[in-house]
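Novice: As input, take entry.csv (CSV, C-alpha atoms):
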chain,number,residue,atom,x,y,z
I,227,MET,CA,0.0,0.0,0.0
I,228,THR,CA,1.4,3.4,-1.0
I,229,LEU,CA,0.4,6.0,1.6
I,230,PRO,CA,0.7,9.8,1.3
I,231,SER,CA,3.9,11.0,2.9
I,232,GLU,CA,4.1,14.8,2.3
I,233,PRO,CA,4.9,16.8,5.6
I,234,PRO,CA,1.3,18.1,6.1
I,235,LEU,CA,0.0,14.5,6.0
I,236,GLN,CA,2.5,12.8,8.3
I,237,LYS,CA,0.3,13.1,11.4
I,238,LEU,CA,-2.6,11.3,9.6
I,239,GLN,CA,-3.3,7.7,9.8
I,240,PHE,CA,-4.8,5.7,6.9
I,241,TYR,CA,-7.0,2.6,7.1
I,242,VAL,CA,-8.9,0.5,4.5
I,243,SER,CA,-12.6,0.3,4.8
I,244,THR,CA,-14.6,-2.9,4.8
I,245,GLY,CA,-16.1,-3.8,1.4
I,246,TYR,CA,-19.3,-2.3,0.2
I,247,SER,CA,-21.3,-2.4,-3.0
I,248,CYS,CA,-19.8,-0.3,-5.8
I,249,GLY,CA,-22.1,2.5,-6.9
I,250,TYR,CA,-20.7,2.7,-10.4
I,251,LEU,CA,-19.8,-0.8,-11.7
I,252,PRO,CA,-22.3,-3.6,-11.3
I,253,ASN,CA,-21.4,-6.7,-9.3
I,254,LYS,CA,-18.3,-5.1,-7.9
I,255,LEU,CA,-17.2,-4.8,-4.3
I,256,ALA,CA,-15.5,-1.5,-3.5
I,257,GLN,CA,-13.1,-0.4,-0.7
I,258,SER,CA,-11.8,3.0,0.3
I,259,LEU,CA,-8.6,4.3,1.9
I,260,ILE,CA,-9.8,6.6,4.7
I,261,ALA,CA,-7.7,9.5,6.2
I,262,SER,CA,-8.0,10.0,9.9
I,263,PRO,CA,-8.5,11.5,12.4
I,264,GLN,CA,-11.0,13.9,10.9
I,265,HIS,CA,-10.2,16.9,13.1
I,266,LEU,CA,-6.7,17.1,11.6
I,267,ILE,CA,-8.1,17.3,8.0
I,268,ASN,CA,-8.3,21.1,7.6
I,269,ALA,CA,-8.1,23.2,4.4
I,270,ASP,CA,-4.3,22.9,4.2
I,271,VAL,CA,-4.2,19.2,4.7
I,272,TYR,CA,-7.1,18.5,2.3
I,273,SER,CA,-5.4,20.6,-0.4
I,274,SER,CA,-2.5,18.1,-0.2
I,275,LEU,CA,-4.8,15.1,-0.1
I,276,ILE,CA,-6.8,16.1,-3.1
I,277,GLN,CA,-3.6,16.4,-5.2
I,278,GLN,CA,-3.0,12.7,-4.3
I,279,GLY,CA,-6.4,11.6,-5.5
I,280,PHE,CA,-8.5,11.9,-2.3
I,281,ARG,CA,-12.1,13.2,-2.2
I,282,ARG,CA,-14.4,14.4,0.5
I,283,SER,CA,-17.7,13.0,1.7
I,284,GLY,CA,-18.9,15.1,4.6
I,285,LYS,CA,-16.0,15.2,7.0
I,286,PHE,CA,-14.4,12.0,5.6
I,287,ALA,CA,-11.5,12.2,3.1
I,288,TYR,CA,-11.0,9.0,1.1
I,289,ARG,CA,-9.8,7.6,-2.1
I,290,PRO,CA,-10.7,4.2,-3.8
I,291,HIS,CA,-8.6,1.3,-2.7
I,292,CYS,CA,-10.1,-1.7,-4.2
I,293,GLU,CA,-8.1,-5.0,-4.1
I,294,ASN,CA,-8.8,-6.1,-7.7
I,295,CYS,CA,-9.9,-2.9,-9.5
I,296,ARG,CA,-8.1,0.3,-10.5
I,297,GLU,CA,-10.9,1.8,-12.6
I,298,CYS,CA,-11.5,5.0,-10.5
I,299,ILE,CA,-9.1,7.7,-11.8
I,300,ALA,CA,-8.9,11.1,-10.3
I,301,VAL,CA,-9.3,13.8,-12.9
I,302,ARG,CA,-9.0,17.6,-13.2
I,303,ILE,CA,-9.5,20.2,-15.9
I,304,ILE,CA,-6.6,22.5,-16.9
I,305,LEU,CA,-8.5,25.8,-16.8
I,306,GLN,CA,-6.3,28.0,-18.9
I,307,GLU,CA,-6.2,25.4,-21.7
I,308,PHE,CA,-9.9,24.6,-21.8
I,309,THR,CA,-11.9,25.5,-24.8
I,310,ALA,CA,-15.7,24.8,-24.9
I,311,SER,CA,-17.1,22.7,-27.7
I,312,ARG,CA,-20.0,23.9,-29.8
I,313,SER,CA,-22.5,21.8,-27.8
I,314,GLN,CA,-21.1,23.1,-24.5
I,315,LYS,CA,-21.3,26.7,-25.8
I,316,ARG,CA,-25.0,26.1,-26.6
I,317,ALA,CA,-25.6,24.7,-23.1
I,318,TYR,CA,-24.0,27.7,-21.5
I,319,LYS,CA,-26.0,30.1,-23.6
I,320,GLN,CA,-29.2,28.2,-23.0
I,321,HIS,CA,-29.0,28.7,-19.2
I,322,GLN,CA,-27.3,32.1,-19.0
I,323,ASN,CA,-30.5,33.4,-17.4
I,324,LEU,CA,-29.9,31.4,-14.2
I,325,THR,CA,-29.0,33.6,-11.3
I,326,THR,CA,-26.4,32.3,-8.7
I,327,THR,CA,-26.1,32.8,-5.0
I,328,ILE,CA,-23.1,31.6,-3.0
I,329,LEU,CA,-24.0,30.5,0.5
I,330,PRO,CA,-22.2,28.9,3.5
I,331,ILE,CA,-22.7,25.2,4.0
I,332,ALA,CA,-25.9,24.5,5.8
I,333,PHE,CA,-29.1,22.5,5.6
I,334,HIS,CA,-32.0,24.0,3.6
I,335,ALA,CA,-35.3,22.2,3.3
I,336,GLU,CA,-35.7,23.5,-0.3
I,337,HIS,CA,-32.3,22.1,-1.3
I,338,TYR,CA,-33.1,18.7,0.3
I,339,ALA,CA,-36.4,18.5,-1.6
I,340,LEU,CA,-34.6,19.1,-4.9
I,341,TYR,CA,-31.9,16.6,-3.9
I,342,ALA,CA,-34.5,13.9,-3.0
I,343,ALA,CA,-36.3,14.4,-6.3
I,344,TYR,CA,-33.0,14.2,-8.2
I,345,GLN,CA,-32.0,11.0,-6.5
I,346,LYS,CA,-35.3,9.4,-7.2
I,347,ALA,CA,-35.2,10.4,-10.9
I,348,ARG,CA,-31.5,9.7,-11.6
I,349,HIS,CA,-30.6,6.8,-9.2
I,350,ALA,CA,-33.9,5.0,-8.8
I,351,ASN,CA,-32.2,1.7,-9.7
I,352,ASP,CA,-29.3,2.0,-7.4
I,353,ALA,CA,-29.0,-0.6,-4.6
I,354,LEU,CA,-29.0,2.1,-2.0
I,355,ASN,CA,-32.4,3.4,-3.2
I,356,LYS,CA,-33.9,0.0,-3.4
I,357,GLU,CA,-33.8,-0.3,0.4
I,358,ASP,CA,-36.9,0.5,2.4
I,359,LYS,CA,-35.5,3.4,4.4
I,360,PRO,CA,-37.5,5.9,6.5
I,361,GLU,CA,-37.4,9.4,4.9
I,362,GLN,CA,-35.7,10.8,8.0
I,363,ASP,CA,-32.8,8.4,7.3
I,364,ASP,CA,-32.4,9.9,3.8
I,365,ALA,CA,-32.4,13.4,5.2
I,366,GLU,CA,-29.8,12.5,7.8
I,367,GLN,CA,-27.6,10.9,5.1
I,368,TYR,CA,-28.0,14.1,3.1
I,369,ARG,CA,-26.9,16.2,6.1
I,370,GLN,CA,-23.8,14.0,6.6
I,371,PHE,CA,-22.9,13.9,3.0
I,372,LEU,CA,-23.3,17.6,1.9
I,373,CYS,CA,-24.0,19.7,5.0
I,374,GLN,CA,-20.9,18.9,7.0
I,375,THR,CA,-17.4,20.0,6.1
I,376,ASN,CA,-14.1,20.6,7.8
I,377,VAL,CA,-12.5,22.4,4.9
I,378,GLU,CA,-13.4,25.6,2.9
I,379,SER,CA,-16.6,24.9,1.2
I,380,VAL,CA,-19.6,26.7,-0.3
I,381,LEU,CA,-23.1,26.1,-1.5
I,382,VAL,CA,-24.1,27.6,-4.9
I,383,GLU,CA,-27.8,28.1,-5.7
I,384,PHE,CA,-28.9,28.4,-9.3
I,385,ARG,CA,-32.4,29.9,-9.8
I,386,GLU,CA,-34.6,30.8,-12.7
I,387,ASN,CA,-37.4,33.4,-12.0
I,388,ASP,CA,-36.7,32.8,-8.3
I,389,GLN,CA,-37.3,29.0,-8.7
I,390,LEU,CA,-34.6,26.7,-7.5
I,391,LYS,CA,-33.2,24.7,-10.4
I,392,MET,CA,-29.8,23.5,-9.2
I,393,VAL,CA,-27.5,23.3,-6.2
I,394,SER,CA,-23.7,22.7,-6.1
I,395,VAL,CA,-21.4,21.9,-3.2
I,396,ILE,CA,-17.9,23.1,-4.0
I,397,ASP,CA,-14.6,22.9,-2.0
I,398,ILE,CA,-11.9,25.5,-2.4
I,399,VAL,CA,-8.4,24.1,-2.2
I,400,HIS,CA,-5.0,25.7,-2.8
I,401,ASP,CA,-4.7,25.1,-6.5
I,402,GLY,CA,-8.3,25.1,-7.6
I,403,ILE,CA,-11.9,24.2,-6.7
I,404,SER,CA,-13.4,20.8,-6.3
I,405,ALA,CA,-16.8,19.8,-7.5
I,406,VAL,CA,-18.2,17.8,-4.6
I,407,TYR,CA,-21.7,17.2,-5.8
I,408,THR,CA,-24.4,18.8,-8.0
I,409,PHE,CA,-28.1,18.1,-8.2
I,410,TYR,CA,-30.7,19.7,-10.3
I,411,GLU,CA,-34.3,19.6,-11.6
I,412,THR,CA,-34.7,16.7,-14.0
I,413,SER,CA,-38.2,17.3,-15.3
I,414,ASP,CA,-37.0,19.4,-18.4
I,415,ALA,CA,-35.6,16.9,-20.9
I,416,LYS,CA,-34.2,19.7,-23.0
I,417,ALA,CA,-32.2,21.3,-20.2
I,418,SER,CA,-28.4,20.9,-20.0
I,419,PHE,CA,-28.0,21.8,-16.3
I,420,GLY,CA,-25.1,19.4,-15.7
I,421,THR,CA,-23.0,20.7,-18.6
I,422,TYR,CA,-23.8,24.3,-17.7
I,423,ASN,CA,-22.8,23.7,-14.1
I,424,VAL,CA,-19.3,22.5,-15.0
I,425,LEU,CA,-18.9,25.5,-17.4
I,426,TRP,CA,-20.0,27.8,-14.6
I,427,GLN,CA,-17.5,26.3,-12.2
I,428,ILE,CA,-14.7,26.7,-14.8
I,429,GLU,CA,-15.5,30.4,-15.2
I,430,TRP,CA,-15.8,30.9,-11.5
I,431,ALA,CA,-12.5,29.2,-10.8
I,432,LYS,CA,-10.8,31.3,-13.4
I,433,THR,CA,-12.0,34.5,-11.7
I,434,LEU,CA,-10.3,33.2,-8.6
I,435,ASN,CA,-7.1,32.7,-10.6
I,436,PHE,CA,-7.0,29.0,-10.0
I,437,PRO,CA,-5.3,26.6,-12.4
I,438,TYR,CA,-7.6,23.5,-11.9
I,439,LEU,CA,-11.1,22.3,-11.5
I,440,TYR,CA,-11.1,18.9,-9.7
I,441,LEU,CA,-14.0,16.7,-11.1
I,442,GLY,CA,-13.6,13.7,-8.8
I,443,TYR,CA,-13.2,10.2,-10.4
I,444,TRP,CA,-13.6,9.1,-14.0
I,445,ILE,CA,-14.4,5.5,-14.6
I,446,LYS,CA,-14.0,4.3,-18.2
I,447,ASN,CA,-16.9,1.8,-18.1
I,448,SER,CA,-19.4,3.9,-16.1
I,449,GLN,CA,-22.0,5.8,-18.1
I,450,LYS,CA,-22.5,8.1,-15.1
I,451,MET,CA,-18.9,9.3,-15.4
I,452,ALA,CA,-18.7,9.5,-19.2
I,453,TYR,CA,-19.5,13.3,-19.3
I,454,LYS,CA,-16.1,14.2,-17.7
I,455,GLN,CA,-14.3,13.2,-20.9
I,456,ASN,CA,-16.0,16.0,-22.7
I,457,PHE,CA,-14.1,18.7,-20.8
I,458,LYS,CA,-10.6,18.9,-22.2
I,459,PRO,CA,-7.7,19.0,-21.6
I,460,LEU,CA,-8.3,16.6,-18.7
I,461,GLN,CA,-5.5,15.5,-16.5
I,462,LYS,CA,-5.6,12.0,-14.9
I,463,LEU,CA,-3.8,10.9,-11.8
I,464,ILE,CA,-1.9,7.8,-13.0
I,465,ASP,CA,0.6,6.1,-10.6
I,466,GLY,CA,0.9,9.3,-8.6
I,467,GLU,CA,1.4,11.6,-11.6
I,468,TRP,CA,-1.0,14.0,-13.2
I,469,LEU,CA,-0.9,13.3,-16.9
I,470,LYS,CA,-2.9,14.4,-20.0
Translate the structure of the given file into structure tokens.

Specialist:
Amino acid sequence: MTLPSEPPLQKLQFYVSTGYSCGYLPNKLAQSLIASPQHLINADVYSSLIQQGFRRSGKFAYRPHCENCRECIAVRIILQEFTASRSQKRAYKQHQNLTTTILPIAFHAEHYALYAAYQKARHANDALNKEDKPEQDDAEQYRQFLCQTNVESVLVEFRENDQLKMVSVIDIVHDGISAVYTFYETSDAKASFGTYNVLWQIEWAKTLNFPYLYLGYWIKNSQKMAYKQNFKPLQKLIDGEWLK
């Protein structure tokens, strides 16, 4: 096992989680490498971790560590070299009427209602959603996943005529921003909210003079992750090196 060894990370300990059902590849068992203790993972430490392929879920920092699978590859967009395609430009123009508000991380009932509808529409067949769980369990899972953070994070609302259309949770690290999670209204089949959102994050990161937008993991055989290949140039973390 290769563990992060940069000076800011030397006080951390790392352990491998028990196996759980992979959310991206069918019939696969996944494991994660977890950084601990949580209270030591501040903005500085997390900035070092994300450069080594870690991500954040609530207050947990992790990266995939599956025994027989290396399909999850951390990716980031090189902002100064990015050029939008024609279809991306159309998506950006289509939703330019959206207004944005940047907020502190917190629970908002309106956000949760949109999140729940998004999960039902986009992940209805996932094993997690097949379980018969009380609604309060789903709300608590949402709070732990997106309403808790020990790094520098923000919520971004996207509205049209004052109606909530999309919400993003974004982390701010030393060399860029990290797209933690985005959910949006799915009822309009002609909308391109997901594409618009990545383009908005690219432009916002540029205004902050950052070089990168971290997009999480790309998985070659996962349809859910295929969109990330459309944003180029895309760097991939391969054997500890960020490569085009």

Novice: Could you list, as a PyMOL selection string, every residue within 7 Å of Met392 in chain I, counting only C-alpha atoms and ignoring same-chain residues fewer than 4 positions away?

Specialist: chain I and resi 383-385+409-411

Novice: Rank I:His334, I:Lys458, I:Arg281, I:Lys391 by their smallest atom-to-atom distance to Gly420 in chain I, using only C-alpha atoms, and report the top residue only.

Specialist: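 So, comparing all the options, the nearest one is I:Lys391.
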
Novice: For a quick check of your reading of the model, name the residues lying within 8 Å of the coordinate (-10.0, 24.9, -5.3), counting all atoms listed in the file, and write them as a PyMOL selection string.

Specialist: chain I and resi 273+397-404+431+436+438-440

Novice: What residues have an atom no more than 12 Å from (-8.9, 3.4, -14.0) in the file's own frame, counting all atoms listed in the file, and can you write them as a PyMOL selection string?

Specialist: chain I and resi 251+290-292+294-301+443-448+451+462-465

Novice: Write to file, as an mmCIF file, keeping the file's coordinate frame, the residues of the selection just made, with C-alpha atoms.

Specialist:
data_model
loop_
_atom_site.group_PDB
_atom_site.id
_atom_site.type_symbol
_atom_site.label_atom_id
_atom_site.label_comp_id
_atom_site.auth_asym_id
_atom_site.auth_seq_id
_atom_site.Cartn_x
_atom_site.Cartn_y
_atom_site.Cartn_z
ATOM 1 C CA LEU I 251 -19.800 -0.800 -11.700
ATOM 2 C CA PRO I 290 -10.700 4.200 -3.800
ATOM 3 C CA HIS I 291 -8.600 1.300 -2.700
ATOM 4 C CA CYS I 292 -10.100 -1.700 -4.200
ATOM 5 C CA ASN I 294 -8.800 -6.100 -7.700
ATOM 6 C CA CYS I 295 -9.900 -2.900 -9.500
ATOM 7 C CA ARG I 296 -8.100 0.300 -10.500
ATOM 8 C CA GLU I 297 -10.900 1.800 -12.600
ATOM 9 C CA CYS I 298 -11.500 5.000 -10.500
ATOM 10 C CA ILE I 299 -9.100 7.700 -11.800
ATOM 11 C CA ALA I 300 -8.900 11.100 -10.300
ATOM 12 C CA VAL I 301 -9.300 13.800 -12.900
ATOM 13 C CA TYR I 443 -13.200 10.200 -10.400
ATOM 14 C CA TRP I 444 -13.600 9.100 -14.000
ATOM 15 C CA ILE I 445 -14.400 5.500 -14.600
ATOM 16 C CA LYS I 446 -14.000 4.300 -18.200
ATOM 17 C CA ASN I 447 -16.900 1.800 -18.100
ATOM 18 C CA SER I 448 -19.400 3.900 -16.100
ATOM 19 C CA MET I 451 -18.900 9.300 -15.400
ATOM 20 C CA LYS I 462 -5.600 12.000 -14.900
ATOM 21 C CA LEU I 463 -3.800 10.900 -11.800
ATOM 22 C CA ILE I 464 -1.900 7.800 -13.000
ATOM 23 C CA ASP I 465 0.600 6.100 -10.600
#

Novice: Hey, which of I:Leu390, I:Ile428, I:Ile303, I:Ile276 ends up closest to Thr325 in chain I? Count all atoms listed in the file.

Specialist: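 Between I:Leu390, I:Ile428, I:Ile303, I:Ile276, the residue approaching Thr325 in chain I most closely is I:Leu390.
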
Novice: In terms of the shortest atom-to-atom distance over all atoms listed in the file, which of I:Leu324, I:Leu469, I:Leu329, I:Leu275 is closest to Leu259 in chain I?

Specialist: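 Closest candidate: I:Leu275.
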
Novice: Calculated over all atoms listed in the file, which of the candidates I:Leu460, I:Ile331, I:Leu425, I:His349 has the smallest distance to Ser379 in chain I?

Specialist: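 Counting all atoms listed in the file, the residue closest to Ser379 in chain I is I:Ile331.
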
Novice: Between I:Thr408, I:Ser394, I:Thr421, I:Gln370, which is the closest to Ile328 in chain I once you count only C-alpha atoms?

Specialist: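 For Ile328 in chain I, the nearest of the candidates is I:Ser394.
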
Novice: Between I:Thr375, I:Asn253, I:Ser283, I:Gln320, which has the minimum distance to Lys416 in chain I (counting all atoms listed in the file)?

Specialist: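 Checking each of I:Thr375, I:Asn253, I:Ser283, I:Gln320 against Lys416 in chain I, counting all atoms listed in the file, the winner is I:Gln320.
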
Novice: For Cys248 in chain I, list every protein, DNA or RNA residue within 10 Å, evaluated using all atoms listed in the file, and leave out those in the same chain fewer than 3 positions away; present the list as a count of residues only.

Specialist: 11

Novice: As an exercise, work out the distance from CA of Ile304 in chain I to CA of Ala415 in chain I in Å and give it to one decimal place.

Specialist: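 It comes out at 29.8 Å.
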
Novice: Start from the incomplete input, build N, CA and C atoms for range 389-409 of chain I, and deliver everything as a PDB file, in the frame of the given file.

Specialist:
ATOM      1  N   GLN I 389     -37.077  30.451  -8.922  1.00  0.00           N
ATOM      2  CA  GLN I 389     -37.300  29.000  -8.700  1.00  0.00           C
ATOM      3  C   GLN I 389     -36.018  28.269  -8.656  1.00  0.00           C
ATOM      4  N   LEU I 390     -35.794  27.477  -7.622  1.00  0.00           N
ATOM      5  CA  LEU I 390     -34.600  26.700  -7.500  1.00  0.00           C
ATOM      6  C   LEU I 390     -34.466  25.654  -8.572  1.00  0.00           C
ATOM      7  N   LYS I 391     -33.376  25.687  -9.347  1.00  0.00           N
ATOM      8  CA  LYS I 391     -33.200  24.700 -10.400  1.00  0.00           C
ATOM      9  C   LYS I 391     -31.990  23.792 -10.158  1.00  0.00           C
ATOM     10  N   MET I 392     -30.996  24.256  -9.401  1.00  0.00           N
ATOM     11  CA  MET I 392     -29.800  23.500  -9.200  1.00  0.00           C
ATOM     12  C   MET I 392     -29.014  23.944  -8.021  1.00  0.00           C
ATOM     13  N   VAL I 393     -28.299  23.003  -7.389  1.00  0.00           N
ATOM     14  CA  VAL I 393     -27.500  23.300  -6.200  1.00  0.00           C
ATOM     15  C   VAL I 393     -26.125  22.597  -6.399  1.00  0.00           C
ATOM     16  N   SER I 394     -25.030  23.286  -6.106  1.00  0.00           N
ATOM     17  CA  SER I 394     -23.700  22.700  -6.100  1.00  0.00           C
ATOM     18  C   SER I 394     -23.035  22.865  -4.770  1.00  0.00           C
ATOM     19  N   VAL I 395     -22.333  21.831  -4.338  1.00  0.00           N
ATOM     20  CA  VAL I 395     -21.400  21.900  -3.200  1.00  0.00           C
ATOM     21  C   VAL I 395     -20.014  21.926  -3.765  1.00  0.00           C
ATOM     22  N   ILE I 396     -19.224  22.934  -3.402  1.00  0.00           N
ATOM     23  CA  ILE I 396     -17.900  23.100  -4.000  1.00  0.00           C
ATOM     24  C   ILE I 396     -16.876  23.333  -2.851  1.00  0.00           C
ATOM     25  N   ASP I 397     -15.760  22.632  -2.940  1.00  0.00           N
ATOM     26  CA  ASP I 397     -14.600  22.900  -2.000  1.00  0.00           C
ATOM     27  C   ASP I 397     -13.625  23.772  -2.690  1.00  0.00           C
ATOM     28  N   ILE I 398     -12.977  24.606  -1.885  1.00  0.00           N
ATOM     29  CA  ILE I 398     -11.900  25.500  -2.400  1.00  0.00           C
ATOM     30  C   ILE I 398     -10.603  25.021  -1.793  1.00  0.00           C
ATOM     31  N   VAL I 399      -9.678  24.633  -2.672  1.00  0.00           N
ATOM     32  CA  VAL I 399      -8.400  24.100  -2.200  1.00  0.00           C
ATOM     33  C   VAL I 399      -7.286  25.082  -2.765  1.00  0.00           C
ATOM     34  N   HIS I 400      -6.033  24.788  -2.446  1.00  0.00           N
ATOM     35  CA  HIS I 400      -5.000  25.700  -2.800  1.00  0.00           C
ATOM     36  C   HIS I 400      -4.767  25.975  -4.251  1.00  0.00           C
ATOM     37  N   ASP I 401      -4.993  24.955  -5.070  1.00  0.00           N
ATOM     38  CA  ASP I 401      -4.700  25.100  -6.500  1.00  0.00           C
ATOM     39  C   ASP I 401      -5.963  24.970  -7.368  1.00  0.00           C
ATOM     40  N   GLY I 402      -7.132  25.140  -6.758  1.00  0.00           N
ATOM     41  CA  GLY I 402      -8.300  25.100  -7.600  1.00  0.00           C
ATOM     42  C   GLY I 402      -9.590  24.930  -6.753  1.00  0.00           C
ATOM     43  N   ILE I 403     -10.655  24.554  -7.431  1.00  0.00           N
ATOM     44  CA  ILE I 403     -11.900  24.200  -6.700  1.00  0.00           C
ATOM     45  C   ILE I 403     -12.223  22.768  -7.056  1.00  0.00           C
ATOM     46  N   SER I 404     -12.998  22.175  -6.175  1.00  0.00           N
ATOM     47  CA  SER I 404     -13.400  20.800  -6.300  1.00  0.00           C
ATOM     48  C   SER I 404     -14.867  20.640  -6.337  1.00  0.00           C
ATOM     49  N   ALA I 405     -15.387  20.038  -7.406  1.00  0.00           N
ATOM     50  CA  ALA I 405     -16.800  19.800  -7.500  1.00  0.00           C
ATOM     51  C   ALA I 405     -17.214  18.626  -6.682  1.00  0.00           C
ATOM     52  N   VAL I 406     -17.795  18.894  -5.511  1.00  0.00           N
ATOM     53  CA  VAL I 406     -18.200  17.800  -4.600  1.00  0.00           C
ATOM     54  C   VAL I 406     -19.396  17.089  -5.092  1.00  0.00           C
ATOM     55  N   TYR I 407     -20.473  17.838  -5.319  1.00  0.00           N
ATOM     56  CA  TYR I 407     -21.700  17.200  -5.800  1.00  0.00           C
ATOM     57  C   TYR I 407     -22.637  18.303  -6.326  1.00  0.00           C
ATOM     58  N   THR I 408     -23.387  17.950  -7.367  1.00  0.00           N
ATOM     59  CA  THR I 408     -24.400  18.800  -8.000  1.00  0.00           C
ATOM     60  C   THR I 408     -25.655  18.075  -8.196  1.00  0.00           C
ATOM     61  N   PHE I 409     -26.770  18.680  -7.867  1.00  0.00           N
ATOM     62  CA  PHE I 409     -28.100  18.100  -8.200  1.00  0.00           C
ATOM     63  C   PHE I 409     -28.979  19.158  -8.724  1.00  0.00           C
TER      64      PHE I 409
END
